[in-house]
file start.pdb (PDB, C-alpha atoms)
ATOM      1  CA  GLU A 148      -8.370  63.123-129.701
ATOM      2  CA  ILE A 149      -9.971  61.292-126.774
ATOM      3  CA  MET A 150     -13.034  63.549-126.739
ATOM      4  CA  PRO A 151     -13.313  65.348-130.080
ATOM      5  CA  GLU A 152     -16.653  66.813-129.008
ATOM      6  CA  LEU A 153     -14.702  69.147-126.714
ATOM      7  CA  ALA A 154     -12.648  70.708-129.518
ATOM      8  CA  SER A 155     -15.030  73.658-129.750
ATOM      9  CA  MET A 156     -14.031  74.729-126.207
ATOM     10  CA  PHE A 157     -10.530  75.546-127.382
ATOM     11  CA  ARG A 158     -10.656  79.088-128.709
ATOM     12  CA  SER A 159      -6.952  79.168-129.550
ATOM     13  CA  PRO A 160      -5.040  76.774-131.812
ATOM     14  CA  ILE A 161      -3.885  73.577-130.089
ATOM     15  CA  PRO A 162      -0.157  74.514-130.253
ATOM     16  CA  GLU A 163      -0.963  77.708-128.329
ATOM     17  CA  GLN A 164      -3.069  75.767-125.833
ATOM     18  CA  SER A 165      -0.195  73.304-125.422
ATOM     19  CA  LYS A 166       2.206  76.133-124.609
ATOM     20  CA  LYS A 167      -0.194  77.451-121.961
ATOM     21  CA  LEU A 168      -0.535  74.005-120.418
ATOM     22  CA  ILE A 169       3.239  73.474-120.374
ATOM     23  CA  ALA A 170       3.719  76.899-118.770
ATOM     24  CA  MET A 171       1.139  76.092-116.082
ATOM     25  CA  ILE A 172       2.709  72.700-115.396
ATOM     26  CA  GLY A 173       6.134  74.332-115.097
ATOM     27  CA  TYR A 174       4.721  76.923-112.738
ATOM     28  CA  VAL A 175       3.109  74.255-110.564
ATOM     29  CA  ILE A 176       6.310  72.197-110.485
ATOM     30  CA  HIS A 177       8.214  75.281-109.378
ATOM     31  CA  LYS A 178       5.685  75.824-106.560
ATOM     32  CA  LEU A 179       5.268  72.201-105.418
ATOM     33  CA  ASP A 180       6.601  73.033-101.974
ATOM     34  CA  LYS A 181       4.106  75.923-101.677
ATOM     35  CA  LEU A 182       0.973  74.650-103.419
ATOM     36  CA  ASP A 183      -1.255  76.597-101.033
ATOM     37  CA  THR A 184       0.105  79.813-102.558
ATOM     38  CA  ILE A 185      -1.246  78.966-105.999
ATOM     39  CA  LEU A 186      -4.708  77.717-105.054
ATOM     40  CA  ASP A 187      -6.223  81.186-105.545
ATOM     41  CA  GLU A 188      -4.717  81.331-109.022
ATOM     42  CA  VAL A 189      -6.008  77.835-109.746
ATOM     43  CA  GLY A 190      -9.449  78.996-108.586
ATOM     44  CA  ARG A 191      -9.427  81.900-111.031
ATOM     45  CA  LEU A 192      -8.369  79.555-113.798
ATOM     46  CA  ALA A 193     -11.276  77.257-112.869
ATOM     47  CA  GLU A 194     -13.722  80.161-113.086
ATOM     48  CA  ARG A 195     -12.595  80.797-116.652
ATOM     49  CA  HIS A 196     -12.932  77.100-117.417
ATOM     50  CA  VAL A 197     -16.551  77.162-116.225
ATOM     51  CA  GLN A 198     -17.225  80.001-118.661
ATOM     52  CA  TYR A 199     -15.777  77.869-121.480
ATOM     53  CA  GLY A 200     -18.183  75.042-120.620
ATOM     54  CA  VAL A 201     -15.800  72.715-118.789
ATOM     55  CA  LYS A 202     -17.630  70.086-116.730
ATOM     56  CA  ASN A 203     -16.321  68.247-113.668
ATOM     57  CA  GLU A 204     -16.023  64.981-115.585
ATOM     58  CA  HIS A 205     -13.652  66.605-118.095
ATOM     59  CA  TYR A 206     -10.930  66.856-115.447
ATOM     60  CA  ALA A 207     -10.541  63.064-115.222
ATOM     61  CA  VAL A 208     -10.205  62.821-119.013
ATOM     62  CA  VAL A 209      -7.539  65.541-119.037
ATOM     63  CA  GLY A 210      -5.722  63.868-116.148
ATOM     64  CA  GLY A 211      -5.613  60.568-118.007
ATOM     65  CA  ALA A 212      -4.369  62.292-121.155
ATOM     66  CA  LEU A 213      -1.702  64.132-119.171
ATOM     67  CA  LEU A 214      -0.395  60.940-117.564
ATOM     68  CA  TRP A 215      -0.401  59.164-120.942
ATOM     69  CA  THR A 216       1.480  62.071-122.534
ATOM     70  CA  LEU A 217       4.070  62.122-119.762
ATOM     71  CA  GLU A 218       4.531  58.373-120.043
ATOM     72  CA  LYS A 219       5.084  58.583-123.808
ATOM     73  CA  GLY A 220       7.305  61.660-123.541
ATOM     74  CA  LEU A 221       9.498  60.334-120.753
ATOM     75  CA  GLY A 222       9.789  56.828-122.201
ATOM     76  CA  SER A 223      12.121  54.682-120.130
ATOM     77  CA  GLU A 224      12.379  57.420-117.472
ATOM     78  CA  TRP A 225       8.668  56.951-116.623
ATOM     79  CA  ASN A 226       7.991  54.718-113.634
ATOM     80  CA  GLU A 227       5.289  53.932-111.090
ATOM     81  CA  GLN A 228       6.616  56.482-108.604
ATOM     82  CA  LEU A 229       6.409  59.287-111.171
ATOM     83  CA  LYS A 230       2.951  58.121-112.207
ATOM     84  CA  GLU A 231       1.788  58.189-108.597
ATOM     85  CA  CYS A 232       3.334  61.607-107.880
ATOM     86  CA  TRP A 233       1.925  63.208-111.025
ATOM     87  CA  GLY A 234      -1.433  61.594-110.322
ATOM     88  CA  ILE A 235      -1.536  62.991-106.796
ATOM     89  CA  CYS A 236      -0.497  66.464-107.951
ATOM     90  CA  TYR A 237      -3.052  66.506-110.765
ATOM     91  CA  GLN A 238      -5.792  65.215-108.458
ATOM     92  CA  LEU A 239      -5.054  67.929-105.905
ATOM     93  CA  LEU A 240      -5.168  70.666-108.530
ATOM     94  CA  SER A 241      -8.205  69.303-110.362
ATOM     95  CA  ASP A 242     -10.101  68.917-107.068
ATOM     96  CA  ALA A 243      -9.289  72.553-106.243
ATOM     97  CA  MET A 244     -10.448  73.624-109.708
ATOM     98  CA  ILE A 245     -13.664  71.618-109.447
ATOM     99  CA  GLN A 246     -14.448  73.149-106.064
ATOM    100  CA  ALA A 247     -13.703  76.666-107.310
ATOM    101  CA  GLY A 248     -15.786  76.063-110.423
ATOM    102  CA  GLU A 249     -18.730  74.862-108.343
ATOM    103  CA  ARG A 250     -18.487  77.927-106.112
ATOM    104  CA  SER A 251     -18.388  80.138-109.188
ATOM    105  CA  SER A 252     -21.432  78.401-110.687
ATOM    106  CA  ARG A 253     -23.424  78.750-107.450
ATOM    107  CA  ALA A 254     -22.507  82.429-107.183
ATOM    108  CA  ALA A 255     -23.668  83.086-110.738
TER     109      ALA A 255
END
call {"tool": "encode", "arguments": {"input": "start.pdb", "output": "structure tokens"}}
result
Amino acid sequence: EIMPELASMFRSPIPEQSKKLIAMIGYVIHKLDKLDTILDEVGRLAERHVQYGVKNEHYAVVGGALLWTLEKGLGSEWNEQLKECWGICYQLLSDAMIQAGERSSRAA
């Protein structure tokens, strides 16, 4: 909804995309104490994103949407500490994806 011009990047229906995102978030949460072990997987995911046309600036939009969604979904359970922690985690992962995407683009 924030950037309707990006809708064409989503090859699958939004409910399916949502399930994939939730699965990835769950996977990352499970691996929070070992994030270095998933950076290769995140890099491969970023390479696919480059092929779909994802640009670096899209990551900030998605991060904002994710934080907004978590805030709305968690309601009164949402607080500044959670916002900061989720923000840090998302920034770490999006930075890794941006770097992997740039490497992939240069290699191509």
call {"tool": "residues_around", "arguments": {"input": "start.pdb", "residues": "A:Gln246", "least_positions_apart": "4", "cutoff": "9 Å", "atoms": "only C-alpha atoms", "output": "PDB file with C-alpha atoms, in the frame of the given file"}}
result
ATOM      1  CA  GLY A 190      -9.449  78.996-108.586  1.00  0.00           C
ATOM      2  CA  ALA A 193     -11.276  77.257-112.869  1.00  0.00           C
ATOM      3  CA  SER A 241      -8.205  69.303-110.362  1.00  0.00           C
ATOM      4  CA  ASP A 242     -10.101  68.917-107.068  1.00  0.00           C
ATOM      5  CA  ARG A 250     -18.487  77.927-106.112  1.00  0.00           C
ATOM      6  CA  SER A 251     -18.388  80.138-109.188  1.00  0.00           C
TER       7      SER A 251
END
call {"tool": "resolve_selection", "arguments": {"input": "start.pdb", "expression": "the PyMOL selection byres ((chain A and resi 182-187) around 12)", "output": "list in words"}}
result
Met171, Ile172, Tyr174, Val175, Ile176, His177, Lys178, Leu179, Asp180, Lys181, Glu188, Val189, Gly190, Arg191, Leu192, Ala193, Glu194, Cys236, Tyr237, Leu239, Leu240, Ser241, Asp242, Ala243, Met244, Ile245, Gln246, Ala247 and Gly248 of chain A
call {"tool": "residues_around", "arguments": {"input": "start.pdb", "residues": "A:Ile169", "least_positions_apart": "6", "cutoff": "12 Å", "atoms": "all atoms listed in the file", "output": "ChimeraX atom specification"}}
result
/A:162-163,175-176,213,216-217
call {"tool": "write_last_selection", "arguments": {"input": "start.pdb", "atoms": "C-alpha atoms", "output": "mmCIF file, keeping the file's coordinate frame"}}
result
data_model
loop_
_atom_site.group_PDB
_atom_site.id
_atom_site.type_symbol
_atom_site.label_atom_id
_atom_site.label_comp_id
_atom_site.auth_asym_id
_atom_site.auth_seq_id
_atom_site.Cartn_x
_atom_site.Cartn_y
_atom_site.Cartn_z
ATOM 1 C CA PRO A 162 -0.157 74.514 -130.253
ATOM 2 C CA GLU A 163 -0.963 77.708 -128.329
ATOM 3 C CA VAL A 175 3.109 74.255 -110.564
ATOM 4 C CA ILE A 176 6.310 72.197 -110.485
ATOM 5 C CA LEU A 213 -1.702 64.132 -119.171
ATOM 6 C CA THR A 216 1.480 62.071 -122.534
ATOM 7 C CA LEU A 217 4.070 62.122 -119.762
#
call {"tool": "closest_residue", "arguments": {"input": "start.pdb", "among": "A:Val201, A:Arg195, A:Tyr206, A:Ala170", "to": "A:Ala154", "atoms": "all atoms listed in the file"}}
result
A:Val201
call {"tool": "resolve_selection", "arguments": {"input": "start.pdb", "expression": "the PyMOL selection byres ((chain A and resi 156) around 10)", "output": "VMD selection string"}}
result
chain A and resid 152 to 155 157 to 159 196 198 to 201
call {"tool": "closest_residue", "arguments": {"input": "start.pdb", "among": "A:Lys166, A:Ser252, A:Pro151, A:Gly234", "to": "A:Gly210", "atoms": "all atoms listed in the file"}}
result
A:Gly234
call {"tool": "resolve_selection", "arguments": {"input": "start.pdb", "expression": "the PyMOL selection byres ((chain A and resi 230) around 12)", "output": "list in words"}}
result
Gly210, Gly211, Leu213, Leu214, Trp215, Thr216, Leu217, Glu218, Lys219, Leu221, Glu224, Trp225, Asn226, Glu227, Gln228, Leu229, Glu231, Cys232, Trp233, Gly234, Ile235, Cys236, Tyr237 and Gln238 of chain A
call {"tool": "atom_distance", "arguments": {"input": "start.pdb", "atom1": "atom CA of A:Ala212", "atom2": "atom CA of A:Lys167"}}
result
15.7 Å
call {"tool": "residues_around", "arguments": {"input": "start.pdb", "residues": "A:Met150", "least_positions_apart": "4", "cutoff": "10 Å", "atoms": "all atoms listed in the file", "output": "PyMOL selection string"}}
result
chain A and resi 154+205+208-209
call {"tool": "write_last_selection", "arguments": {"input": "start.pdb", "atoms": "C-alpha atoms", "output": "PDB file, in the coordinates of the input"}}
result
ATOM      1  CA  ALA A 154     -12.648  70.708-129.518  1.00  0.00           C
ATOM      2  CA  HIS A 205     -13.652  66.605-118.095  1.00  0.00           C
ATOM      3  CA  VAL A 208     -10.205  62.821-119.013  1.00  0.00           C
ATOM      4  CA  VAL A 209      -7.539  65.541-119.037  1.00  0.00           C
TER       5      VAL A 209
END
